[in-house]
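Enquirer: Here you go, one structure.
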Amino acid sequence: MDKEESPQVNRRATRFSSSTPNLNNATETTKTSNPQPLTLNDLVFGGKCISFDDLISSFPGRRIQIREIIRLLGPLNSPMIPLFMYGGASTGKTSSILQIFRHLNRPFVYSSCLTCYNPRILFESILNQLLLHRKNVGNGYSSVKRCERPSDFVNFLREALLNVIDNLKGNTGKSSSKKSGGRTYGRMVYLIFDNLELVREWDKSSIILPFLFKLYDILKMPEVGLIFISNTSPDTYYSDTGYIEPIPVHFPDYTEDDLRQIFMRKEANPKLYSSFLDVVLRPFCRITRRVDELSTALLPLFKKYCEPLSDLGVVPTEEMKRRLFSHLQPHIAPSLNEVFRVPSRPYPEANANKEKAKRKGSTKKLGGCEAFDVIDFHMSISAKYLLISAFLASRNPATLDASLFDSTGGSDNRKRKRKSSEKSMEQKEAVEQELLLKGPGTFPLERLLAIFQCITSVAENSIDEDKGNDGLGVEGGDGGLMSDVLLQLSSLCNANFITKGGSCPLEGSTRYRSTVCEDMALKVARNLKFPLSKYLYRR
């Protein structure tokens with residue numbers, strides 16, 4: 001997506017926050033020089049068209065999706081039913097569709113609901129691009145049309161689209177001109193809406209989403225194609241409003257082989273980097289398969305991996321690989337803990353705690369018992385707290401959550417106890433036997449997240465009181481952390497620590513069940529120095 005012309009770079013990079021400096025540079029150049037007016041060529045990706053082979057090689061593991069999208073777009077001037085591209089974050093949806101249009105050399109308008117964070121900005125961004133309007137100091141950085149209501153947007157959009165289509169039809173016979181480079185653009189115009197799931201955050205009245213899905217039926221223009229890009233599946237959008245449902249194209253998570261091909265591209269020393277990926281890629285893939293998170297985590301590790309080398313162009317031998325692995329191994333576990341924004345403890349302190357655990361283990365083994373605060377598998381700190389939350393949700397009755405996880409975090413347990421009668425004791429024993437036969441109970445996602453927030457906030461406060469800033473780093477109410485917790489919940493389900501059951505017919509929500517025994521939960525809790533017994537209901 002590298003481009004030479006600044007207007008195209010600014011417009012096509014709207015989904016990235018890094019485009020802000022480019023916009024500032026564009027405004028500075030606008031003040032000092034008079035830019036050329038925008039033309040129809042600015043609706044095309046720009047730069048040199050790429051071949052189909054280059055397109056496929058640029059996106060490992062996306063051959064099926066790219067072929068399907070090109071088939072659905074059809075030949076030049078072919079009408080199309082709206083597309084719905086969906087998949088997890090950092091799975092290549094946006095990059096793929098932009099490079100597909102670069103390959104096809106067709107005009108399109110791209111708008112991201114991340115940067116266009118309200119209806120007016122979204123509407124005006126589309127109209128500015130269609131009407132070839134550039135904001136600058138001469139027009140006071142104003143839009144070509146002020147549009148806030150969907151009804152006004154439809155009128156302005158139809159007028160702008162007709163104007164663009166007429167110009168495209170007029171330029172059909174001029175395909176041999178220098179600017180078009182001997183390629184025709186056709187008469188189709190495509191509107192791309194990215195980050196569609198974010199509309200729910202700023203569209204509280206739930207008007208914009210149904211309006212965007214109905215836009216194809218409202219316009220009734222065969223020369224217009226609509227493409228929606230979302231991180232969530234079509235099932236999360238209600239389809240009872242009578243619009244034509246878009247054709248879904250799913251982008252699954254990358255496999256380990258796909259990620260290896262992605263990271264191996266454009267490497268100066270492929271054999272050295274391949275030996276590095278042999279060490280780190282598999283453990284990191286168990287936690288996340290997002291390219292952006294992996295690239296951020298692997299960059300400092302590769303620098304650490306190459307520290308013993310004086311020549312980075314050397315081809316590593318087996319002996320050298322073992323030496324480099326021994327140098328890198330102590331740094332892998334702390335880096336794994338930081339993938340989900342839950343910082344691990346500094347490495348020197350981790351070493352001290354490890355030595356302390358070894359000494360404790362040796363002394364306890366002499367006494368005939370094991371050190372239960374040392375676990376023999378790796379798991380991020382946040383995932384450990386999520387595992388404890390699931391265990392508590394399965395073992396404790398839901399009616400006791402308010403008393404166990406009160407405003408003080410359940411820390412004040414000094415409550416008045418009534419003397420139990422023989423009848424109440426018998427009832428408790430009967431209930432205990434019944435629950436023992438039933439096994440761990442199920443719980444909804446909302447209850448799990450509520451317990452997770454309570455125990456992490458209590459743990460954070462206690463760590464802050466004892467050791468200042470050395471700890472969990474969990475921010476209460478952080479939406480970014482909650483999205484990461486959902487990813488970790490999926491990982492725990494895949495590892496069979498938590499099972500996912502069917503939906504409750506009354507609530508309509510999916511229920512979960514913890515499969516962890518009490519010994520394992522206590523082991524994880526001791527590793528975190530979390531007082532599990534304080535929150536566990538003993539019958």
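Just remember, in the structure tokens the first chain shown is A, the second B, etc., residues are 1-based per chain, and ligands are 1-based in the order shown.
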Find the residues around Asp54 (chain A) up to 10 Å (only C-alpha atoms counted), leave out those fewer than 5 positions away in its own chain, and share them as a ChimeraX atom specification.

Expert: /A:49,59,99,103

Enquirer: Which residues of region 176-260 of chain A sit at most 12 Å from region 74-90 of chain A, using only C-alpha atoms? Give each one's shortest atom pair and distance in Å (one decimal place), in chain and ascending residue order, as JSON lines.

Expert:
{"residue": "A:Arg183", "atom": "CA", "partner": "A:Leu76", "partner_atom": "CA", "distance": 11.3}
{"residue": "A:Thr184", "atom": "CA", "partner": "A:Leu76", "partner_atom": "CA", "distance": 9.0}
{"residue": "A:Tyr185", "atom": "CA", "partner": "A:Leu76", "partner_atom": "CA", "distance": 8.1}
{"residue": "A:Gly186", "atom": "CA", "partner": "A:Asn77", "partner_atom": "CA", "distance": 5.6}
{"residue": "A:Arg187", "atom": "CA", "partner": "A:Asn77", "partner_atom": "CA", "distance": 5.8}
{"residue": "A:Met188", "atom": "CA", "partner": "A:Asn77", "partner_atom": "CA", "distance": 5.6}
{"residue": "A:Val189", "atom": "CA", "partner": "A:Asn77", "partner_atom": "CA", "distance": 9.3}
{"residue": "A:Tyr190", "atom": "CA", "partner": "A:Pro82", "partner_atom": "CA", "distance": 9.7}
{"residue": "A:Leu191", "atom": "CA", "partner": "A:Pro82", "partner_atom": "CA", "distance": 9.7}
{"residue": "A:Ile192", "atom": "CA", "partner": "A:Leu83", "partner_atom": "CA", "distance": 9.5}
{"residue": "A:Phe193", "atom": "CA", "partner": "A:Phe84", "partner_atom": "CA", "distance": 9.7}
{"residue": "A:Asp194", "atom": "CA", "partner": "A:Met85", "partner_atom": "CA", "distance": 9.3}
{"residue": "A:Asn195", "atom": "CA", "partner": "A:Tyr86", "partner_atom": "CA", "distance": 9.6}
{"residue": "A:Leu196", "atom": "CA", "partner": "A:Tyr86", "partner_atom": "CA", "distance": 9.7}
{"residue": "A:Glu197", "atom": "CA", "partner": "A:Tyr86", "partner_atom": "CA", "distance": 10.0}
{"residue": "A:Leu212", "atom": "CA", "partner": "A:Pro82", "partner_atom": "CA", "distance": 10.7}
{"residue": "A:Phe213", "atom": "CA", "partner": "A:Pro82", "partner_atom": "CA", "distance": 8.6}
{"residue": "A:Lys214", "atom": "CA", "partner": "A:Pro82", "partner_atom": "CA", "distance": 10.2}
{"residue": "A:Leu215", "atom": "CA", "partner": "A:Pro82", "partner_atom": "CA", "distance": 9.8}
{"residue": "A:Tyr216", "atom": "CA", "partner": "A:Pro82", "partner_atom": "CA", "distance": 7.4}
{"residue": "A:Asp217", "atom": "CA", "partner": "A:Pro82", "partner_atom": "CA", "distance": 10.3}
{"residue": "A:Lys220", "atom": "CA", "partner": "A:Pro79", "partner_atom": "CA", "distance": 11.0}
{"residue": "A:Met221", "atom": "CA", "partner": "A:Pro79", "partner_atom": "CA", "distance": 9.0}
{"residue": "A:Pro222", "atom": "CA", "partner": "A:Pro79", "partner_atom": "CA", "distance": 5.3}
{"residue": "A:Glu223", "atom": "CA", "partner": "A:Pro79", "partner_atom": "CA", "distance": 6.2}
{"residue": "A:Val224", "atom": "CA", "partner": "A:Pro79", "partner_atom": "CA", "distance": 7.4}
{"residue": "A:Gly225", "atom": "CA", "partner": "A:Met80", "partner_atom": "CA", "distance": 6.0}
{"residue": "A:Leu226", "atom": "CA", "partner": "A:Pro82", "partner_atom": "CA", "distance": 4.8}
{"residue": "A:Ile227", "atom": "CA", "partner": "A:Leu83", "partner_atom": "CA", "distance": 4.7}
{"residue": "A:Phe228", "atom": "CA", "partner": "A:Phe84", "partner_atom": "CA", "distance": 4.8}
{"residue": "A:Ile229", "atom": "CA", "partner": "A:Met85", "partner_atom": "CA", "distance": 4.8}
{"residue": "A:Ser230", "atom": "CA", "partner": "A:Tyr86", "partner_atom": "CA", "distance": 4.8}
{"residue": "A:Asn231", "atom": "CA", "partner": "A:Gly87", "partner_atom": "CA", "distance": 5.0}
{"residue": "A:Thr232", "atom": "CA", "partner": "A:Tyr86", "partner_atom": "CA", "distance": 6.1}
{"residue": "A:Ser233", "atom": "CA", "partner": "A:Tyr86", "partner_atom": "CA", "distance": 5.8}
{"residue": "A:Pro234", "atom": "CA", "partner": "A:Phe84", "partner_atom": "CA", "distance": 7.6}
{"residue": "A:Asp235", "atom": "CA", "partner": "A:Tyr86", "partner_atom": "CA", "distance": 10.8}
{"residue": "A:Thr236", "atom": "CA", "partner": "A:Tyr86", "partner_atom": "CA", "distance": 11.1}
{"residue": "A:Tyr237", "atom": "CA", "partner": "A:Phe84", "partner_atom": "CA", "distance": 11.2}
{"residue": "A:Tyr243", "atom": "CA", "partner": "A:Pro82", "partner_atom": "CA", "distance": 10.8}
{"residue": "A:Ile244", "atom": "CA", "partner": "A:Ile81", "partner_atom": "CA", "distance": 8.2}
{"residue": "A:Glu245", "atom": "CA", "partner": "A:Pro82", "partner_atom": "CA", "distance": 7.7}
{"residue": "A:Pro246", "atom": "CA", "partner": "A:Pro82", "partner_atom": "CA", "distance": 4.7}
{"residue": "A:Ile247", "atom": "CA", "partner": "A:Leu83", "partner_atom": "CA", "distance": 4.8}
{"residue": "A:Pro248", "atom": "CA", "partner": "A:Phe84", "partner_atom": "CA", "distance": 4.6}
{"residue": "A:Val249", "atom": "CA", "partner": "A:Met85", "partner_atom": "CA", "distance": 4.8}
{"residue": "A:His250", "atom": "CA", "partner": "A:Tyr86", "partner_atom": "CA", "distance": 5.2}
{"residue": "A:Phe251", "atom": "CA", "partner": "A:Gly87", "partner_atom": "CA", "distance": 4.7}
{"residue": "A:Pro252", "atom": "CA", "partner": "A:Gly87", "partner_atom": "CA", "distance": 5.8}
{"residue": "A:Asp253", "atom": "CA", "partner": "A:Gly88", "partner_atom": "CA", "distance": 6.7}
{"residue": "A:Tyr254", "atom": "CA", "partner": "A:Ser90", "partner_atom": "CA", "distance": 9.3}
{"residue": "A:Leu259", "atom": "CA", "partner": "A:Ser90", "partner_atom": "CA", "distance": 11.5}

Enquirer: CA of Phe443 (chain A) and CA of Leu387 (chain A) are how many Å apart?

Expert: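 A separation of 13.3 Å between them.
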
Enquirer: Report the residues of region 170-322 of chain A whose backbone DSSP state falls under strand (DSSP E), written as a ChimeraX atom specification.

Expert: /A:189-194,224-230,247-251

Enquirer: Include N, CA, C and O atoms and write out the residues we just selected as a tab-separated table (two decimals), in the first residue's frame.

Expert:
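Output file result_25.tsv is given in full below:
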chain	number	residue	atom	x	y	z
A	189	VAL	N	-18.87	2.05	-9.40
A	189	VAL	CA	-18.27	2.72	-8.26
A	189	VAL	C	-18.58	1.88	-7.02
A	189	VAL	O	-19.73	1.46	-6.82
A	190	TYR	N	-17.58	1.65	-6.20
A	190	TYR	CA	-17.73	0.79	-5.03
A	190	TYR	C	-17.55	1.61	-3.76
A	190	TYR	O	-16.62	2.41	-3.65
A	191	LEU	N	-18.45	1.40	-2.80
A	191	LEU	CA	-18.38	2.07	-1.50
A	191	LEU	C	-17.97	1.02	-0.46
A	191	LEU	O	-18.64	-0.01	-0.30
A	192	ILE	N	-16.85	1.27	0.24
A	192	ILE	CA	-16.32	0.35	1.24
A	192	ILE	C	-16.51	0.95	2.62
A	192	ILE	O	-16.04	2.07	2.89
A	193	PHE	N	-17.18	0.21	3.51
A	193	PHE	CA	-17.40	0.64	4.89
A	193	PHE	C	-16.61	-0.30	5.80
A	193	PHE	O	-16.95	-1.49	5.93
A	194	ASP	N	-15.56	0.20	6.42
A	194	ASP	CA	-14.69	-0.62	7.27
A	194	ASP	C	-15.05	-0.41	8.74
A	194	ASP	O	-15.66	0.60	9.12
A	224	VAL	N	-23.51	0.79	-8.63
A	224	VAL	CA	-22.94	1.01	-7.30
A	224	VAL	C	-22.80	-0.33	-6.59
A	224	VAL	O	-23.76	-1.11	-6.53
A	225	GLY	N	-21.62	-0.60	-6.06
A	225	GLY	CA	-21.38	-1.79	-5.27
A	225	GLY	C	-21.04	-1.43	-3.83
A	225	GLY	O	-20.33	-0.46	-3.58
A	226	LEU	N	-21.57	-2.20	-2.89
A	226	LEU	CA	-21.36	-1.95	-1.46
A	226	LEU	C	-20.56	-3.11	-0.86
A	226	LEU	O	-20.84	-4.28	-1.11
A	227	ILE	N	-19.54	-2.75	-0.06
A	227	ILE	CA	-18.70	-3.74	0.61
A	227	ILE	C	-18.59	-3.35	2.08
A	227	ILE	O	-18.16	-2.23	2.39
A	228	PHE	N	-18.98	-4.25	2.95
A	228	PHE	CA	-18.91	-4.02	4.40
A	228	PHE	C	-17.80	-4.90	4.98
A	228	PHE	O	-17.68	-6.08	4.63
A	229	ILE	N	-17.02	-4.32	5.89
A	229	ILE	CA	-15.93	-5.04	6.56
A	229	ILE	C	-16.17	-4.95	8.07
A	229	ILE	O	-16.38	-3.87	8.60
A	230	SER	N	-16.14	-6.11	8.73
A	230	SER	CA	-16.46	-6.15	10.15
A	230	SER	C	-15.61	-7.20	10.85
A	230	SER	O	-15.20	-8.19	10.23
A	247	ILE	N	-23.56	-10.93	0.83
A	247	ILE	CA	-22.91	-12.22	0.70
A	247	ILE	C	-21.71	-12.26	1.64
A	247	ILE	O	-20.81	-11.43	1.54
A	248	PRO	N	-21.67	-13.19	2.60
A	248	PRO	CA	-20.55	-13.22	3.57
A	248	PRO	C	-19.30	-13.86	2.98
A	248	PRO	O	-19.36	-14.84	2.23
A	249	VAL	N	-18.15	-13.29	3.33
A	249	VAL	CA	-16.84	-13.85	3.00
A	249	VAL	C	-16.03	-13.86	4.29
A	249	VAL	O	-15.71	-12.80	4.83
A	250	HIS	N	-15.72	-15.06	4.77
A	250	HIS	CA	-15.06	-15.18	6.08
A	250	HIS	C	-13.55	-15.22	5.92
A	250	HIS	O	-13.01	-15.92	5.06
A	251	PHE	N	-12.86	-14.45	6.78
A	251	PHE	CA	-11.40	-14.47	6.87
A	251	PHE	C	-11.03	-15.13	8.19
A	251	PHE	O	-11.06	-14.50	9.24

Enquirer: Which of region 79-270 of chain A counts as helix (DSSP H, G or I) under DSSP, as a PyMOL selection string please?

Expert: chain A and resi 93-104+119-130+150-170+172-174+196-202+208-219+234-236+256-264+270

Enquirer: Rounded to one decimal, what separation in Å do you get between CA of Val315 (chain A) and CA of Ser57 (chain A)?

Expert: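 Value for the CA of Val315 (chain A)-CA of Ser57 (chain A) distance: 25.4 Å.
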
Enquirer: Rank A:Leu132, A:Ile287, A:Cys113, A:Ile455 by their smallest atom-to-atom distance to Ala495 (chain A), using only C-alpha atoms, and report the top residue only.

Expert: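 Counting only C-alpha atoms, the residue closest to Ala495 (chain A) is A:Ile287.
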
Enquirer: Taking only C-alpha atoms into account, name the residue in A:Gln453, A:Asn337, A:Thr39, A:Gln129 that is nearest to Ser389 (chain A).

Expert: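 Once distances to Ser389 (chain A) are computed over only C-alpha atoms, the minimum belongs to A:Gln453.
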